[in-house]
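Dumped run_15.txt below, it's compact mmCIF, C-alpha atoms:
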# COMPACT_ATOMS: atom_id res chain seq x y z
CA GLU C 1306 0.92 31.34 -10.78
CA SER C 1307 -2.43 31.66 -9.11
CA MET C 1308 -4.10 28.88 -7.19
CA GLN C 1309 -6.95 27.17 -8.99
CA THR C 1310 -9.95 26.67 -6.73
CA ASP C 1311 -12.71 24.74 -8.44
CA THR C 1312 -15.33 22.75 -6.61
CA ASN C 1313 -17.60 22.64 -9.66
CA HIS C 1314 -15.81 19.49 -10.75
CA ALA C 1315 -16.79 17.70 -7.52
CA ILE C 1316 -19.92 15.70 -6.81
CA VAL C 1317 -20.63 14.85 -3.18
CA TYR C 1318 -23.11 12.26 -2.04
CA GLU C 1319 -23.78 10.78 1.34
CA GLY C 1320 -24.10 7.11 2.21
CA PRO C 1321 -26.75 5.47 4.38
CA GLN C 1322 -27.40 7.28 7.64
CA HIS C 1323 -25.09 6.09 10.45
CA ALA C 1324 -23.13 3.93 7.99
CA SER C 1325 -19.34 3.94 7.78
CA LEU C 1326 -17.52 3.31 4.54
CA ALA C 1327 -15.80 -0.08 4.51
CA ALA C 1328 -14.44 -0.05 0.95
CA LEU C 1329 -14.79 1.58 -2.45
CA THR C 1330 -13.57 1.16 -6.01
CA VAL C 1331 -14.05 2.94 -9.33
CA THR C 1332 -14.10 1.68 -12.91
CA HIS C 1333 -11.21 2.34 -15.30
CA SER C 1334 -13.23 4.97 -17.16
CA GLY C 1335 -14.41 6.63 -13.96
CA ARG C 1336 -18.07 6.15 -14.95
CA TRP C 1337 -19.12 3.99 -11.99
CA VAL C 1338 -18.13 3.79 -8.33
CA ALA C 1339 -18.94 0.92 -5.99
CA THR C 1340 -19.09 1.34 -2.23
CA CYS C 1341 -19.50 -1.08 0.65
CA ALA C 1342 -21.09 0.61 3.67
CA ASP C 1343 -21.14 -0.88 7.16
CA ASP C 1344 -24.36 -0.17 9.05
CA PHE C 1345 -24.88 -3.27 11.24
CA GLY C 1346 -24.78 -5.20 7.99
CA PHE C 1347 -23.08 -4.44 4.69
CA THR C 1348 -24.69 -2.72 1.74
CA ILE C 1349 -23.17 -2.63 -1.75
CA SER C 1350 -24.06 0.42 -3.86
CA ILE C 1351 -23.25 1.17 -7.50
CA ARG C 1352 -23.42 4.86 -8.45
CA ASP C 1353 -23.16 6.90 -11.61
CA THR C 1354 -20.29 9.28 -10.89
CA SER C 1355 -21.63 12.03 -13.15
CA GLU C 1356 -24.73 12.49 -10.99
CA GLY C 1357 -24.11 10.46 -7.85
CA ARG C 1358 -27.37 8.55 -8.27
CA VAL C 1359 -27.68 4.93 -7.19
CA ILE C 1360 -27.92 2.51 -10.10
CA ARG C 1361 -28.08 -0.67 -8.05
CA GLU C 1362 -27.96 -1.45 -4.34
CA TRP C 1363 -28.19 -4.71 -2.45
CA PRO C 1364 -27.45 -6.10 1.02
CA SER C 1365 -24.39 -8.29 1.31
CA ASP C 1366 -24.33 -11.58 3.18
CA MET C 1367 -20.87 -10.77 4.56
CA THR C 1368 -22.32 -9.50 7.87
CA ASP C 1369 -20.83 -12.25 10.01
CA SER C 1370 -17.89 -13.23 7.86
CA LEU C 1371 -16.37 -9.85 7.05
CA GLY C 1372 -13.17 -9.17 8.94
CA SER C 1373 -11.40 -5.92 9.67
CA TYR C 1374 -10.97 -3.28 6.99
CA PRO C 1375 -9.70 -2.97 4.37
CA PHE C 1376 -10.39 -5.85 2.02
CA LEU C 1377 -10.27 -6.60 -1.69
CA ILE C 1378 -12.78 -4.69 -3.80
CA SER C 1379 -12.25 -4.19 -7.53
CA PHE C 1380 -14.10 -3.74 -10.78
CA SER C 1381 -12.95 -5.85 -13.71
CA PRO C 1382 -11.18 -3.72 -16.38
CA ASP C 1383 -14.35 -3.53 -18.50
CA GLY C 1384 -16.53 -2.80 -15.46
CA SER C 1385 -18.75 -5.85 -15.98
CA LYS C 1386 -17.76 -7.63 -12.74
CA LEU C 1387 -17.29 -6.55 -9.13
CA ILE C 1388 -14.85 -8.57 -7.03
CA LEU C 1389 -15.30 -8.65 -3.24
CA GLY C 1390 -12.92 -10.46 -0.92
CA GLY C 1391 -14.14 -9.72 2.59
CA HIS C 1392 -14.67 -13.26 3.90
CA GLN C 1393 -12.45 -14.48 6.72
CA SER C 1394 -12.57 -17.88 5.03
CA GLY C 1395 -10.71 -16.45 2.02
CA ASN C 1396 -13.66 -16.76 -0.35
CA ILE C 1397 -13.90 -14.15 -3.11
CA ASP C 1398 -17.33 -13.25 -4.47
CA ILE C 1399 -17.84 -12.20 -8.11
CA TRP C 1400 -20.91 -10.00 -8.69
CA ASP C 1401 -22.76 -8.59 -11.65
CA PRO C 1402 -22.69 -4.96 -10.41
CA PHE C 1403 -25.64 -3.79 -12.48
CA GLY C 1404 -27.87 -6.78 -11.87
CA GLY C 1405 -26.93 -7.18 -8.20
CA VAL C 1406 -26.46 -10.91 -8.82
CA ARG C 1407 -23.61 -13.01 -7.48
CA LEU C 1408 -22.09 -14.82 -10.45
CA THR C 1409 -19.84 -17.20 -8.52
CA THR C 1410 -17.58 -17.60 -5.49
CA LEU C 1411 -13.88 -18.43 -5.73
CA SER C 1412 -13.26 -20.69 -2.77
CA ASN C 1413 -10.23 -22.88 -3.44
CA GLY C 1414 -7.30 -20.43 -3.24
CA HIS C 1415 -7.11 -18.39 -0.05
CA SER C 1416 -7.59 -19.47 3.55
CA LYS C 1417 -7.58 -15.91 4.94
CA ARG C 1418 -9.25 -12.63 4.04
CA ALA C 1419 -8.19 -11.30 0.61
CA THR C 1420 -6.91 -7.72 0.90
CA CYS C 1421 -5.67 -6.70 -2.54
CA GLY C 1422 -5.73 -7.60 -6.22
CA CYS C 1423 -4.28 -6.47 -9.54
CA TRP C 1424 -5.23 -7.25 -13.13
CA LEU C 1425 -2.83 -8.57 -15.75
CA LEU C 1426 -2.24 -7.28 -19.28
CA ASP C 1427 -4.86 -9.44 -21.00
CA LYS C 1428 -7.50 -8.19 -18.51
CA ALA C 1429 -8.68 -11.76 -18.03
CA HIS C 1430 -6.39 -12.74 -15.15
CA LEU C 1431 -6.40 -11.44 -11.59
CA ALA C 1432 -3.69 -11.79 -8.94
CA THR C 1433 -4.85 -11.61 -5.30
CA VAL C 1434 -3.17 -11.68 -1.90
CA ASP C 1435 -4.57 -12.47 1.54
CA ASP C 1436 -3.78 -11.58 5.16
CA GLY C 1437 -1.30 -14.42 5.38
CA GLY C 1438 0.70 -13.23 2.36
CA GLN C 1439 -0.57 -16.01 0.05
CA VAL C 1440 -0.71 -14.89 -3.62
CA CYS C 1441 -3.07 -16.59 -6.08
CA LEU C 1442 -3.58 -16.18 -9.83
CA TRP C 1443 -7.09 -16.57 -11.29
CA ASP C 1444 -8.63 -16.99 -14.74
CA MET C 1445 -11.56 -14.59 -14.46
CA GLU C 1446 -13.28 -15.76 -17.62
CA ALA C 1447 -13.43 -19.42 -16.56
CA TYR C 1448 -13.53 -18.53 -12.81
CA ARG C 1449 -10.81 -20.99 -11.94
CA LEU C 1450 -7.61 -21.00 -9.93
CA LEU C 1451 -4.52 -21.10 -12.13
CA SER C 1452 -1.79 -21.18 -9.50
CA ILE C 1453 -0.94 -20.60 -5.86
CA PHE C 1454 2.42 -18.89 -5.65
CA PRO C 1455 4.86 -20.43 -3.14
CA LYS C 1456 4.99 -18.37 0.02
CA PRO C 1457 8.34 -17.66 1.71
CA ALA C 1458 8.58 -19.57 4.97
CA SER C 1459 9.68 -16.44 6.83
CA LEU C 1460 6.84 -14.22 5.55
CA GLU C 1461 4.85 -12.59 8.33
CA THR C 1462 1.13 -12.00 7.99
CA LEU C 1463 -0.10 -8.80 6.40
CA GLN C 1464 -2.57 -7.87 9.14
CA THR C 1465 -0.07 -5.73 11.03
CA GLN C 1466 1.23 -3.74 8.06
CA VAL C 1467 0.08 -0.36 6.79
CA LYS C 1468 -2.13 -0.06 3.70
CA PRO C 1469 -2.61 -3.79 3.02
CA GLU C 1470 -5.00 -2.79 0.19
CA GLU C 1471 -1.92 -1.45 -1.67
CA CYS C 1472 0.46 -4.34 -1.07
CA LEU C 1473 0.55 -5.78 -4.63
CA ALA C 1474 2.31 -4.32 -7.67
CA ILE C 1475 2.99 -5.68 -11.15
CA SER C 1476 5.85 -4.82 -13.51
CA SER C 1477 5.19 -2.79 -16.67
CA ASP C 1478 5.71 -5.86 -18.88
CA TYR C 1479 3.48 -7.98 -16.59
CA SER C 1480 6.25 -10.53 -16.10
CA HIS C 1481 6.78 -9.99 -12.35
CA ILE C 1482 4.51 -9.37 -9.39
CA LEU C 1483 5.50 -8.26 -5.89
CA SER C 1484 3.81 -8.48 -2.53
CA ARG C 1485 4.77 -6.08 0.26
CA ALA C 1486 4.64 -7.30 3.84
CA ARG C 1487 5.62 -5.36 6.96
CA THR C 1488 9.32 -6.13 6.84
CA SER C 1489 9.83 -7.89 3.51
CA VAL C 1490 8.99 -7.79 -0.20
CA SER C 1491 8.56 -10.98 -2.26
CA VAL C 1492 8.82 -11.13 -6.06
CA TRP C 1493 7.41 -13.88 -8.32
CA GLY C 1494 7.50 -14.61 -12.02
CA VAL C 1495 3.90 -14.38 -13.25
CA ALA C 1496 4.05 -17.01 -15.98
CA SER C 1497 6.02 -19.58 -13.97
CA GLY C 1498 4.69 -18.77 -10.50
CA VAL C 1499 8.25 -19.21 -9.25
CA LEU C 1500 9.43 -17.17 -6.28
CA ARG C 1501 12.27 -15.04 -7.64
CA THR C 1502 13.45 -13.43 -4.44
CA THR C 1503 12.45 -12.25 -0.98
CA ILE C 1504 13.89 -8.86 -0.06
CA VAL C 1505 14.59 -8.05 3.60
CA GLY C 1506 16.30 -4.70 4.08
CA GLN C 1507 18.86 -4.02 6.77
CA GLY C 1508 17.08 -2.59 9.78
CA TRP C 1509 13.57 -3.47 8.61
CA ASN C 1510 13.18 -5.81 11.57
CA SER C 1511 14.46 -3.38 14.20
CA ASN C 1512 13.07 -0.33 16.02
CA GLY C 1513 9.63 -0.75 14.50
CA THR C 1514 10.83 0.05 10.98
CA GLN C 1515 8.50 -1.20 8.26
CA VAL C 1516 8.08 -1.04 4.51
CA LEU C 1517 5.52 1.63 3.58
CA SER C 1518 5.57 1.33 -0.21
CA ALA C 1519 7.08 -0.95 -2.88
CA VAL C 1520 6.83 -0.60 -6.67
CA PHE C 1521 8.65 -1.62 -9.83
CA ASN C 1522 10.60 0.96 -11.81
CA SER C 1523 9.30 1.87 -15.29
CA GLU C 1524 11.38 -0.88 -16.93
CA GLY C 1525 10.22 -3.54 -14.47
CA THR C 1526 13.80 -4.58 -13.67
CA THR C 1527 14.11 -2.94 -10.27
CA VAL C 1528 12.06 -2.96 -7.08
CA VAL C 1529 11.96 0.39 -5.27
CA THR C 1530 11.08 0.41 -1.56
CA LEU C 1531 10.30 3.21 0.90
CA SER C 1532 10.57 2.40 4.60
CA SER C 1533 9.49 4.29 7.71
CA ASP C 1534 13.11 5.21 8.58
CA ALA C 1535 13.02 7.51 5.48
CA VAL C 1536 15.26 5.23 3.39
CA VAL C 1537 14.66 4.46 -0.30
CA CYS C 1538 16.28 1.27 -1.63
CA ARG C 1539 16.58 -0.17 -5.12
CA TRP C 1540 16.81 -3.91 -5.59
CA ASN C 1541 17.38 -6.22 -8.54
CA ALA C 1542 13.92 -7.69 -9.23
CA ASP C 1543 15.31 -11.13 -10.12
CA THR C 1544 18.05 -11.62 -7.53
CA GLY C 1545 17.08 -9.29 -4.69
CA GLU C 1546 20.55 -7.72 -4.75
CA LEU C 1547 20.67 -4.25 -3.18
CA LEU C 1548 21.64 -1.80 -5.91
CA ASP C 1549 21.64 1.43 -3.88
CA SER C 1550 20.01 3.11 -0.89
CA THR C 1551 19.22 6.75 -0.17
CA LYS C 1552 18.23 8.63 2.98
CA LEU C 1553 15.62 11.31 2.32
CA SER C 1554 16.60 14.88 3.19
CA ASP C 1555 14.49 17.10 5.43
CA GLU C 1556 13.65 20.81 5.01
CA ALA C 1557 16.95 21.88 6.55
CA GLY C 1558 18.98 19.69 4.18
CA GLY C 1559 19.83 17.12 6.85
CA SER C 1560 18.83 13.47 7.02
CA CYS C 1561 15.16 12.89 7.75
CA PRO C 1562 14.84 10.81 10.96
CA GLY C 1563 11.61 9.07 9.96
CA ILE C 1564 8.37 9.45 8.02
CA GLY C 1565 4.65 8.89 8.54
CA THR C 1566 2.76 5.78 7.50
CA GLU C 1567 0.79 7.55 4.73
CA SER C 1568 4.05 8.17 2.81
CA THR C 1569 4.16 6.53 -0.59
CA LEU C 1570 6.09 6.16 -3.84
CA SER C 1571 5.05 7.37 -7.29
CA PRO C 1572 3.99 4.62 -9.74
CA ASP C 1573 7.51 4.34 -11.21
CA GLY C 1574 9.35 4.85 -7.91
CA SER C 1575 11.09 8.05 -9.03
CA ARG C 1576 9.41 10.27 -6.40
CA ALA C 1577 8.33 9.88 -2.78
CA CYS C 1578 5.55 11.93 -1.19
CA TRP C 1579 6.02 11.72 2.55
CA THR C 1580 4.48 13.00 5.73
CA THR C 1581 6.12 13.72 9.05
CA LYS C 1582 6.49 11.03 11.69
CA ASP C 1583 6.77 13.30 14.73
CA GLY C 1584 3.16 14.43 14.77
CA VAL C 1585 3.63 17.85 13.12
CA LYS C 1586 0.26 18.38 11.50
CA GLY C 1587 -0.46 18.95 7.84
CA MET C 1588 3.07 18.72 6.42
CA ALA C 1589 3.57 17.10 3.01
CA HIS C 1590 6.92 16.79 1.24
CA LEU C 1591 8.02 15.53 -2.17
CA SER C 1592 11.50 14.13 -2.77
CA GLU C 1593 13.60 12.58 -5.50
CA THR C 1594 14.23 8.94 -4.66
CA LYS C 1595 17.64 9.02 -6.34
CA GLY C 1596 19.78 11.16 -4.10
CA GLY C 1597 16.93 11.87 -1.66
CA SER C 1598 16.85 15.62 -2.38
CA LEU C 1599 13.74 17.54 -1.36
CA ILE C 1600 11.79 19.02 -4.30
CA TRP C 1601 9.16 20.89 -2.31
CA SER C 1602 7.35 21.08 1.03
CA GLN C 1603 3.80 22.18 1.80
CA VAL C 1604 3.46 22.98 5.47
CA HIS C 1605 0.54 25.34 6.08
CA HIS C 1606 -2.34 23.97 4.02
CA HIS C 1607 -3.70 21.06 6.07
CA ARG C 1608 -4.40 22.10 9.66
CA LEU C 1609 -4.74 18.49 10.83
CA GLU C 1610 -2.66 15.42 10.11
CA ILE C 1611 -2.68 14.10 6.57
CA ARG C 1612 -4.81 10.95 6.27
CA GLY C 1613 -4.17 9.99 2.67
CA VAL C 1614 -1.57 10.42 -0.09
CA VAL C 1615 -2.19 9.15 -3.61
CA PHE C 1616 -0.39 9.74 -6.91
CA TYR C 1617 -2.11 10.37 -10.23
CA THR C 1618 -1.83 7.47 -12.65
CA ASP C 1619 1.17 8.91 -14.53
CA GLY C 1620 2.81 10.36 -11.41
CA ALA C 1621 2.44 13.97 -12.57
CA TYR C 1622 0.15 14.97 -9.69
CA VAL C 1623 -0.34 13.94 -6.09
CA ALA C 1624 -3.40 14.39 -3.88
CA THR C 1625 -3.33 14.81 -0.10
CA THR C 1626 -6.32 14.63 2.22
CA SER C 1627 -6.93 15.39 5.89
CA ARG C 1628 -9.82 15.95 8.26
CA SER C 1629 -9.43 19.71 8.08
CA LEU C 1630 -9.51 20.00 4.28
CA PRO C 1631 -10.85 17.15 2.19
CA MET C 1632 -8.41 17.36 -0.74
CA LEU C 1633 -5.51 19.31 -2.19
CA LEU C 1634 -4.01 18.42 -5.57
CA TRP C 1635 -0.38 19.29 -6.23
CA ARG C 1636 1.67 19.33 -9.41
CA VAL C 1637 4.63 17.08 -8.74
CA ARG C 1638 7.29 18.91 -10.71
CA ASP C 1639 7.03 22.20 -8.81
CA GLY C 1640 4.51 21.85 -5.97
CA LYS C 1641 1.94 24.16 -7.55
CA GLN C 1642 -1.44 23.77 -5.86
CA MET C 1643 -3.83 22.82 -8.64
CA VAL C 1644 -7.03 22.30 -6.69
CA LYS C 1645 -8.31 23.17 -3.25
CA ASN C 1646 -11.47 21.18 -2.74
CA THR C 1647 -13.45 22.10 0.36
CA ASP C 1648 -16.55 20.02 -0.31
CA PRO C 1649 -17.69 18.34 2.88
CA THR C 1650 -16.27 14.85 2.72
CA LYS C 1651 -15.91 14.09 6.41
CA ALA C 1652 -12.85 12.36 7.82
CA PRO C 1653 -11.48 11.06 4.48
CA ALA C 1654 -10.39 7.46 4.91
CA ILE C 1655 -10.13 6.01 1.39
CA ASN C 1656 -8.62 7.78 -1.62
CA THR C 1657 -8.08 6.41 -5.11
CA PHE C 1658 -7.72 7.55 -8.71
CA SER C 1659 -9.54 5.70 -11.45
CA SER C 1660 -6.96 3.78 -13.48
CA GLY C 1661 -7.93 5.79 -16.56
CA GLY C 1662 -7.10 9.01 -14.71
CA GLU C 1663 -10.59 10.52 -14.91
CA LEU C 1664 -11.48 10.73 -11.23
CA LEU C 1665 -10.14 11.06 -7.75
CA VAL C 1666 -12.59 9.34 -5.40
CA MET C 1667 -12.54 10.13 -1.70
CA GLY C 1668 -14.50 8.18 0.88
CA GLY C 1669 -15.14 9.18 4.49
CA TRP C 1670 -15.72 7.04 7.55
CA ASP C 1671 -19.21 8.58 7.73
CA GLY C 1672 -20.14 7.10 4.34
CA THR C 1673 -19.80 10.36 2.41
CA VAL C 1674 -18.14 9.96 -0.99
CA THR C 1675 -16.78 12.72 -3.22
CA THR C 1676 -15.89 12.15 -6.86
CA PHE C 1677 -13.63 14.81 -8.31
CA GLN C 1678 -13.05 15.18 -12.06
CA ILE C 1679 -9.28 15.44 -12.19
CA SER C 1680 -9.20 15.05 -15.97
CA LYS C 1681 -10.87 18.44 -16.41
CA VAL C 1682 -8.34 20.07 -14.10
CA VAL C 1683 -5.49 18.57 -16.13
CA GLU C 1684 -7.06 19.70 -19.40
CA GLU C 1685 -7.47 23.27 -18.09
CA GLU C 1686 -3.88 23.56 -16.87

Mind turning the file's structure into structure tokens?
Amino acid sequence: ESMQTDTNHAIVYEGPQHASLAALTVTHSGRWVATCADDFGFTISIRDTSEGRVIREWPSDMTDSLGSYPFLISFSPDGSKLILGGHQSGNIDIWDPFGGVRLTTLSNGHSKRATCGCWLLDKAHLATVDDGGQVCLWDMEAYRLLSIFPKPASLETLQTQVKPEECLAISSDYSHILSRARTSVSVWGVASGVLRTTIVGQGWNSNGTQVLSAVFNSEGTTVVTLSSDAVVCRWNADTGELLDSTKLSDEAGGSCPGIGTESTLSPDGSRACWTTKDGVKGMAHLSETKGGSLIWSQVHHHRLEIRGVVFYTDGAYVATTSRSLPMLLWRVRDGKQMVKNTDPTKAPAINTFSSGGELLVMGGWDGTVTTFQISKVVEEE
């Protein structure tokens, strides 16, 4: 099979001069992308992804209150609201993205900077988590706090963990929600707000080992975790009982000693895409999480270290980005390279698929953003 190289599906646009990209998000349909650029003050921009043109842009008042990156940024499922959680106070601002008007501020839930959020089945409720590991549930039609989930007494703050913007996950039936901290995973019942269990794996507190990714399986009954010692564990989502654990295999068929912090699980936890921990540049691997067997390795495509790994919404594809080559898209089942995109996104720092699967959006520290139409690549396969 020949490699498909197609940069015609990509649109590249640059942010404000000298600005760095603080955060970005894309609507479910992939029609609109919102960026927050840091240029001695924060600017929010809404762009049409088909042309890259600015629809609305306004300065944010978060200049003095915004903490370290990343922070919560999300469109509502219908794209009519933009949620920003950058305040150190824990306040969450709700904006009309097309009018540039702040609709309200949610101020009675978090006491620290909100880092992540996920929407529930009815699209009217939003769960959020802050730097301290506090999870809140909001009614986004009435703009009111529904519940503050009880926080485990032993839970460490989220500031020291990797990818805090990806630390929440919700089960397929929307009955459970989990929050990943550095060395633990907590699971709550959504309707009751009751803490079901707090999972602490053996060795997670030693030798710098931390949890890199945590998701529910497709049935929502099991929590799957991937830790930096290259171990995948499965846990009962209600009791926290360890069901099984697997050590990932390396290229030689032996046990992998450790993996890089960009490593992540597929949406259903059945696959792990992992990078090397020892500094070998540009190496990406894909493994089964049951048994730990290696499916494929790609070792000569990225000349510099991989900066981002993100799975397509159904787990059928995975994208990797680095400074040397903005994006490569791989087919999960066999490692076929689907796309080699060399458009000049500089130093990719933020990578996300639209939840509808239309776009992969890549953001660079220099403010450059590339939107890539993955749906057309999939259709042409």

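Across the model, the gap from CA of Val1331 in chain C to CA of Trp1579 in chain C is 24.9 Å.
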
For CA of Gly1597 in chain C and CA of Val1537 in chain C, determine how far apart the two atoms are, in Å to one decimal place.
7.9 Å

Between CA of Asn1512 in chain C and CA of Gln1439 in chain C, distance in Å (one decimal)
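Distance reported for this atom pair: 26.2 Å.
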
Can you tell me which residues surround Leu1599 in chain C at a distance of at most 9 Å, considering all atoms listed in the file, apart from same-chain residues fewer than 3 positions away, and format the answer as JSON, numbers by chain?
{"C": [1553, 1554, 1555, 1556, 1558, 1590, 1591, 1592, 1593, 1602]}

Which of these residues is nearest to Val1338 in chain C, using all atoms listed in the file: C:Val1490, C:Thr1676, C:Lys1681, C:Ser1518?
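Looking only at the distances to Val1338 in chain C, the closest residue turns out to be C:Thr1676.
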
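Remark: for Arg1501 in chain C, the closest of the candidate residues C:Arg1358, C:Lys1456, C:Arg1485, C:Lys1595 is C:Lys1456 (distances computed over all atoms listed in the file).
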
May I have the protein, DNA and RNA residues with any atom at most 12 Å from the point (16.9, 5.0, -1.4), counting all atoms listed in the file, written as a PyMOL selection string?
chain C and resi 1506+1518-1519+1528-1540+1547-1554+1570+1574-1577+1592-1598

Neighbour list for Arg1407 in chain C as a list in words, cut-off 12 Å, all atoms listed in the file, skip fewer than 4 positions in-chain:
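Listed by chain and then number, they are Ile1349, Trp1363, Pro1364, Ser1365, Asp1366, Lys1386, Leu1387, Ile1388, Leu1389, Ile1397, Asp1398, Ile1399, Trp1400, Asp1401, Pro1402, Phe1403 and Leu1411 of chain C.
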
Nearest to Phe1454 in chain C: which of C:Ile1482, C:Leu1500, C:Cys1421, C:Ile1600 is it, counting all atoms listed in the file?
C:Leu1500

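Minimum atom-to-atom distance to Ala1342 in chain C, evaluated using all atoms listed in the file, belongs to C:Ser1325 out of C:Gln1515, C:Ser1480, C:Thr1527, C:Ser1325.
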